[in-house]
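Trainee: This structure is in structure tokens; I'll ask about it shortly.
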Amino acid sequence: MAHELLSFDNGGALAASLADRVAAALAAAVAARGKATLAVSGGSTPKAFFEALSQKPMDWSKVSVTLVDERFVPEDNPRSNHLLVKTHLLKGKAAKAGFVPLFHPEADIEAAARVATRETARLFPFDAVILGMGTDGHTASFFPGGNHLAEALDLSAPRRVMTMEAAGAGEPRLTFSFSALADAGLLVLHIEGAEKKAVLEKALSGTDEAEMPIRAVLERAPAKTDIYWAP
Ligand SMILES: O=C1O[C@H](COP(=O)(O)O)[C@@H](O)[C@H](O)[C@H]1O
């Protein structure tokens, strides 16, 4: 499907613009259906965006927030994406939002994925999904060499939370399937820096999704992907 590159002078300008855009999408969903759903990424890139979004006035009590992917670690682990969102987004005006975690303290990660699939089923389709991208071309936890990559990228498979292990992933991961993310009302890829711009250009110049899973989003997502970039 189509994608569009939106370039900004700096990360602050990007964060402000993206926060305006996401807040408008969530407010429109609340006005239309009485509720809104948002799935965000972890990593280092989204902090300024989270801070800006947390201050947007709207009826946050009607908004459910979740993660596109999570490490199989509890919320108090410094590498937890939940901790990142709690610290930078679920505060200020956004403190009233509901948070739906992917991590659950089950005996094993497959059991946690089953619980997360059940607990997140009411969120689809997402009103807004904000993806990130690693310099290896992964997005969500769709990692090159991931043990469940082909199933995760299958758009005809049911929307669900899956497990993923990969050499580049560190801990075992929980991730929404591509089918759960790809038809969002607003689908954004948020990347910053010259290195990620070069990774994006490489992704756009080829077709092998196993090499660079971000290509699935750029080429096959039914929703248009808006790429927010700043140096
Ligand atoms: O592992 C992850 O990394 C990507 C990108 O993170 P960044 O630190 O380079 O911004 C992120 O999109 C994903 O949610 C996260 O789990």
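Going by the structure tokens order, chains are called A, B, ..., each with residues numbered from 1, while ligands are numbered from 1 in the order shown.
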Enumerate as an NGL selection string the residues within 9 Å of ligand 1, counting only C-alpha atoms and all ligand atoms.
Mentor: :A and (40-46 or 67-71 or 80-81 or 130-135 or 138-141 or 143 or 168-170 or 173 or 175 or 189-192 or 196)
Trainee: Excluding Phe103 of chain A and residues on its chain fewer than 3 positions from it, collect all residues at most 12 Å away from it, counting only C-alpha atoms, and give them as a PyMOL selection string.
Mentor: chain A and resi 66-77+80-83+99-100+106-117+119-120+161-163+172-176
Trainee: Near Leu53 of chain A, within 9 Å and counting only C-alpha atoms, which residues show up once chain neighbours fewer than 2 positions away are dropped, as a PyMOL selection string?
Mentor: chain A and resi 15-16+18-20+22-23+48-51+55-57+89+93-94
Trainee: Need the shell around segment 58-64 of chain A: protein/DNA/RNA residues with any atom at most 10 Å away, counting only C-alpha atoms. Skip same-chain ones fewer than 2 positions apart. Format as number ranges by chain?
Mentor: A: 23-24, 26-27, 29-31, 33-39, 54-56, 66, 90, 93-100, 120, 122-123, 126-127
Trainee: Could you tell me, as a PyMOL selection string, which residues of segment 130-199 of chain A DSSP assigns to helix (DSSP H, G or I) when given the backbone?
Mentor: chain A and resi 149-152+167-169+178-181+194-199
Trainee: Per DSSP on the backbone, filter segment 46-84 of chain A down to the residues in strand (DSSP E or B) and report them as a count of residues only.
Mentor: 8
Trainee: Which residues come within 7 Å of Arg215 of chain A, counting only C-alpha atoms, excluding same-chain residues fewer than 6 positions away, as a ChimeraX atom specification?
Mentor: /A:203,207,209
Trainee: From the list A:Ser156, A:Thr87, A:Ser205, A:Thr225, which residue is nearest Gly185 of chain A when using only C-alpha atoms?
Mentor: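 Nearest to Gly185 of chain A: A:Thr225.
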